[in-house]
Every structure is written in C-alpha cells, then in structure tokens.
Amino acid sequence: MQVLEDLSLRLEAGEIVCLIGPNGAGKSTVLKTAFGLLTPWTGSIRYHGEDISGAAPEEVVRKGIGYVPQTDNVFGSLSLDENLRMGGVAREDDRLETVVEELYDRFRVLREKRGAKARELSGGQRQVLAFARALVTEPDVLLIDEPSAGLAPNTADEVFADVEAVNAMDTAILMVEQNATKGLEVSDRGYVLDQGTVAYEGDADGLLDDPEVSELYLGG
C-alpha cells in the first residue's frame, strides 16, 4: 500500500523542522524511510548530496543520522549506563566513554540515576534517555517521532526544552509531533502532511498564524 506520494521535504543544518497532520497522514513513515527502516519504491533520500535510499539503519547511523522512535526507544531491563553504551555500538573510534560522560553533563537527571534500570524512570526521563542514547554517535541529524506522546503537559514542556537543547548541540532535528501547536512553537519550519502528501509548508510562525491551517490542523 502506498502511504506517501509526490513528497518533497528538506532539512537544513541547525534547523528544527516539525511534521504535523492527522493520524495516518504518513508522518512516521517519513522518519522510518529516512532512517532506512522502510525502502521507498521511487524517489530518493539525499544526505549531504549523497543518495542514501535503501541504506540499512546501521549505515545511516554511521553517516550521521540518529533516530528516536515513539515507542520501545530504550531497553527497560538495562541500566542507563548500559542503554547509552548500547547506543554507541556503531561508533568506530575510542570516544564512547568521553561522549557518555558529556551526555551525563548535558542531561544531569540521567547522571543522578545512571545505575537505575530504564524501566524505573518516569515517562519524561525515559524520553531524555532515548534522546541521549541516539546522541551517543554524535549525529548531525536527529529524527524524533512524537516526543510528547503520552506525557503530562508539564512533562511534555520539559521534553520540548530538551529538544531545543539537543538542537543547540549543532544537531538538526526532523520531528513528528501530535501536539501540532507546541511542536511548531519550538521549530523553525514545518510541513503539514495529509493523505501522504504536503498540504502546507512554511516558517513555523507563518503556519501557526495561518487561519486555514489553524482551523484544520491546530484545533483553532
């Protein structure tokens, strides 16, 4: 079954770009395809000018792209330390220990619980761990699927602050978000997907101010 059709997206260095739209619009499919979990029938995915269409996820990681899925994004039976080191399996240098310590410095809530099992964390803490785990390879691009899903509003706000903190580490972010308004508020640009194609695109502020987008997709 074809989920996406005639779709063209771009992500520039240093940007946060948010994909919004109704359920079933193909948003998560975009991320899975970009990360190599799905292979496009036609078209191409280009990264720094190189066609990476059909590349396996481990190869995509080595090229500098990380992925945080919506669910099953940490290993509950492993400690935080073990989760982070699992995220570094694809590294081909000796910087793993240094990077892990840098991430503990960046996300201090993780350092406080580094020996705990991931299943013992709150929903927001698990999401932070998922971010950190994806950052162990020091990607240039991070794909994030619905970071606020299932979180209380206050916790979701903290997670969005972490998204901005990750972006401040010179990491471009392509994010799918169910809370369309909040997702756009922390983004530079956005795309509205509907039935597998782009219905609207533009600067995030412009999409938030667009009365048609607001009425159809933002609950306005």
# chains A, B, ... in the order shown; residues from 1 in each chain; ligands from 1
call {"tool": "residues_around", "arguments": {"residues": "His48 of chain A", "least_positions_apart": "4", "cutoff": "10 Å", "atoms": "only C-alpha atoms", "output": "list in words"}}
result
Glu12, Ala13, Ile52 and Lys63 of chain A
call {"tool": "write_last_selection", "arguments": {"atoms": "C-alpha atoms", "output": "PDB file, in the first residue's frame"}}
result
ATOM      1  CA  GLU A  12      18.927  22.462   6.648  1.00  0.00           C
ATOM      2  CA  ALA A  13      21.846  22.363   9.089  1.00  0.00           C
ATOM      3  CA  ILE A  52      21.142   7.026   0.853  1.00  0.00           C
ATOM      4  CA  LYS A  63      26.695   8.550   8.134  1.00  0.00           C
TER       5      LYS A  63
END
call {"tool": "residues_around", "arguments": {"residues": "segment 179-194 of chain A", "least_positions_apart": "3", "cutoff": "8 Å", "atoms": "only C-alpha atoms", "output": "list in words"}}
result
Glu15, Ile16, Val17, Cys18, Leu19, Ile20, Gly21, Pro22, Ala25, Gly26, Lys27, Ser148, Phe160, Glu164, Thr197, Val198, Ala199, Tyr200, Glu201, Gly202, Asp203, Ala204, Asp205, Leu207, Leu208, Tyr217 and Leu218 of chain A
call {"tool": "write_last_selection", "arguments": {"atoms": "N, CA and C atoms", "output": "PDB file, in the first residue's frame"}}
result
ATOM      1  N   GLU A  15      18.568  23.396  11.839  1.00  0.00           N
ATOM      2  CA  GLU A  15      17.135  23.646  11.921  1.00  0.00           C
ATOM      3  C   GLU A  15      16.421  22.631  12.823  1.00  0.00           C
ATOM      4  N   ILE A  16      15.246  23.055  13.308  1.00  0.00           N
ATOM      5  CA  ILE A  16      14.228  22.128  13.790  1.00  0.00           C
ATOM      6  C   ILE A  16      13.052  22.242  12.823  1.00  0.00           C
ATOM      7  N   VAL A  17      12.692  21.133  12.217  1.00  0.00           N
ATOM      8  CA  VAL A  17      11.555  21.090  11.295  1.00  0.00           C
ATOM      9  C   VAL A  17      10.539  20.102  11.850  1.00  0.00           C
ATOM     10  N   CYS A  18       9.290  20.527  11.909  1.00  0.00           N
ATOM     11  CA  CYS A  18       8.229  19.709  12.504  1.00  0.00           C
ATOM     12  C   CYS A  18       7.246  19.247  11.430  1.00  0.00           C
ATOM     13  N   LEU A  19       6.908  17.959  11.467  1.00  0.00           N
ATOM     14  CA  LEU A  19       5.872  17.391  10.611  1.00  0.00           C
ATOM     15  C   LEU A  19       4.610  17.218  11.435  1.00  0.00           C
ATOM     16  N   ILE A  20       3.526  17.825  10.993  1.00  0.00           N
ATOM     17  CA  ILE A  20       2.252  17.687  11.682  1.00  0.00           C
ATOM     18  C   ILE A  20       1.207  17.207  10.678  1.00  0.00           C
ATOM     19  N   GLY A  21       0.032  16.858  11.187  1.00  0.00           N
ATOM     20  CA  GLY A  21      -1.036  16.383  10.330  1.00  0.00           C
ATOM     21  C   GLY A  21      -1.845  15.320  11.036  1.00  0.00           C
ATOM     22  N   PRO A  22      -2.959  14.908  10.441  1.00  0.00           N
ATOM     23  CA  PRO A  22      -3.825  13.923  11.088  1.00  0.00           C
ATOM     24  C   PRO A  22      -3.182  12.541  11.167  1.00  0.00           C
ATOM     25  N   ALA A  25      -1.446  10.192   8.205  1.00  0.00           N
ATOM     26  CA  ALA A  25      -1.011  11.074   7.110  1.00  0.00           C
ATOM     27  C   ALA A  25       0.328  10.661   6.522  1.00  0.00           C
ATOM     28  N   GLY A  26       1.064   9.788   7.230  1.00  0.00           N
ATOM     29  CA  GLY A  26       2.357   9.338   6.713  1.00  0.00           C
ATOM     30  C   GLY A  26       3.557   9.962   7.410  1.00  0.00           C
ATOM     31  N   LYS A  27       3.321  10.655   8.527  1.00  0.00           N
ATOM     32  CA  LYS A  27       4.409  11.383   9.201  1.00  0.00           C
ATOM     33  C   LYS A  27       5.499  10.431   9.705  1.00  0.00           C
ATOM     34  N   SER A 148       6.346  13.973  22.701  1.00  0.00           N
ATOM     35  CA  SER A 148       5.471  14.274  23.841  1.00  0.00           C
ATOM     36  C   SER A 148       4.354  13.251  24.012  1.00  0.00           C
ATOM     37  N   PHE A 160      10.174  19.199  25.381  1.00  0.00           N
ATOM     38  CA  PHE A 160      10.395  20.146  24.283  1.00  0.00           C
ATOM     39  C   PHE A 160      11.606  21.037  24.573  1.00  0.00           C
ATOM     40  N   GLU A 164      15.045  21.431  22.211  1.00  0.00           N
ATOM     41  CA  GLU A 164      15.779  22.656  21.879  1.00  0.00           C
ATOM     42  C   GLU A 164      17.235  22.565  22.335  1.00  0.00           C
ATOM     43  N   THR A 197       0.793  13.409   1.447  1.00  0.00           N
ATOM     44  CA  THR A 197       1.437  14.466   0.665  1.00  0.00           C
ATOM     45  C   THR A 197       1.463  15.757   1.466  1.00  0.00           C
ATOM     46  N   VAL A 198       2.247  16.741   1.020  1.00  0.00           N
ATOM     47  CA  VAL A 198       2.367  18.005   1.742  1.00  0.00           C
ATOM     48  C   VAL A 198       1.185  18.911   1.390  1.00  0.00           C
ATOM     49  N   ALA A 199       0.390  19.238   2.416  1.00  0.00           N
ATOM     50  CA  ALA A 199      -0.750  20.133   2.214  1.00  0.00           C
ATOM     51  C   ALA A 199      -0.348  21.593   2.398  1.00  0.00           C
ATOM     52  N   TYR A 200       0.544  21.834   3.366  1.00  0.00           N
ATOM     53  CA  TYR A 200       1.045  23.189   3.643  1.00  0.00           C
ATOM     54  C   TYR A 200       2.500  23.077   4.081  1.00  0.00           C
ATOM     55  N   GLU A 201       3.270  24.121   3.845  1.00  0.00           N
ATOM     56  CA  GLU A 201       4.639  24.182   4.346  1.00  0.00           C
ATOM     57  C   GLU A 201       5.024  25.641   4.519  1.00  0.00           C
ATOM     58  N   GLY A 202       6.009  25.881   5.371  1.00  0.00           N
ATOM     59  CA  GLY A 202       6.465  27.250   5.563  1.00  0.00           C
ATOM     60  C   GLY A 202       7.141  27.444   6.897  1.00  0.00           C
ATOM     61  N   ASP A 203       7.481  28.701   7.196  1.00  0.00           N
ATOM     62  CA  ASP A 203       8.028  29.027   8.500  1.00  0.00           C
ATOM     63  C   ASP A 203       7.022  28.632   9.575  1.00  0.00           C
ATOM     64  N   ALA A 204       7.531  28.182  10.722  1.00  0.00           N
ATOM     65  CA  ALA A 204       6.640  27.722  11.784  1.00  0.00           C
ATOM     66  C   ALA A 204       5.683  28.816  12.233  1.00  0.00           C
ATOM     67  N   ASP A 205       6.192  30.039  12.382  1.00  0.00           N
ATOM     68  CA  ASP A 205       5.329  31.147  12.811  1.00  0.00           C
ATOM     69  C   ASP A 205       4.216  31.405  11.797  1.00  0.00           C
ATOM     70  N   LEU A 207       2.850  29.204   9.755  1.00  0.00           N
ATOM     71  CA  LEU A 207       1.850  28.141   9.849  1.00  0.00           C
ATOM     72  C   LEU A 207       0.960  28.336  11.069  1.00  0.00           C
ATOM     73  N   LEU A 208       1.554  28.760  12.184  1.00  0.00           N
ATOM     74  CA  LEU A 208       0.761  28.999  13.391  1.00  0.00           C
ATOM     75  C   LEU A 208      -0.240  30.127  13.186  1.00  0.00           C
ATOM     76  N   TYR A 217      -5.974  21.946  11.344  1.00  0.00           N
ATOM     77  CA  TYR A 217      -4.964  21.061  11.937  1.00  0.00           C
ATOM     78  C   TYR A 217      -4.516  21.439  13.348  1.00  0.00           C
ATOM     79  N   LEU A 218      -4.828  22.643  13.798  1.00  0.00           N
ATOM     80  CA  LEU A 218      -4.342  23.076  15.109  1.00  0.00           C
ATOM     81  C   LEU A 218      -5.461  23.196  16.133  1.00  0.00           C
TER      82      LEU A 218
END
call {"tool": "select_by_dssp", "arguments": {"residues": "segment 89-155 of chain A", "states": "helix (DSSP H, G or I)", "output": "short mmCIF file (atom, residue, chain, number, x, y, z; two decimals) with C-alpha atoms, in the first residue's frame"}}
result
data_model
loop_
_atom_site.label_atom_id
_atom_site.label_comp_id
_atom_site.auth_asym_id
_atom_site.auth_seq_id
_atom_site.Cartn_x
_atom_site.Cartn_y
_atom_site.Cartn_z
CA LEU A 96 32.50 6.36 23.64
CA GLU A 97 33.40 6.93 27.31
CA THR A 98 34.06 10.63 26.71
CA VAL A 99 30.78 11.13 24.87
CA VAL A 100 28.78 9.26 27.53
CA GLU A 101 30.23 11.50 30.26
CA GLU A 102 29.50 14.60 28.17
CA LEU A 103 25.87 13.47 27.84
CA TYR A 104 25.62 12.94 31.60
CA ASP A 105 26.88 16.51 32.00
CA ARG A 106 24.33 17.74 29.48
CA ARG A 108 22.05 15.80 34.67
CA VAL A 109 18.84 13.94 35.54
CA LEU A 110 20.45 10.91 33.88
CA ARG A 111 23.66 11.16 35.90
CA GLU A 112 21.62 11.08 39.11
CA ALA A 118 15.44 2.31 32.47
CA ARG A 119 12.04 0.87 33.40
CA GLU A 120 12.27 2.70 36.74
CA GLY A 123 7.98 8.92 31.08
CA GLY A 124 9.83 12.20 30.67
CA GLN A 125 13.08 10.74 31.97
CA ARG A 126 12.80 7.80 29.56
CA GLN A 127 12.40 10.25 26.70
CA VAL A 128 15.53 12.12 27.78
CA LEU A 129 17.38 8.79 27.93
CA ALA A 130 16.15 7.99 24.42
CA PHE A 131 17.49 11.34 23.18
CA ALA A 132 20.84 10.77 24.88
CA ARG A 133 21.09 7.22 23.56
CA ALA A 134 20.60 8.48 19.99
CA LEU A 135 23.20 11.21 20.57
CA PRO A 153 1.61 18.75 29.82
CA ASN A 154 4.31 19.86 32.29
CA THR A 155 6.49 16.89 31.42
#
call {"tool": "closest_residue", "arguments": {"among": "A:Trp41, A:Phe107, A:Tyr67, A:Phe75", "to": "Ala172 of chain A", "atoms": "only C-alpha atoms"}}
result
A:Tyr67
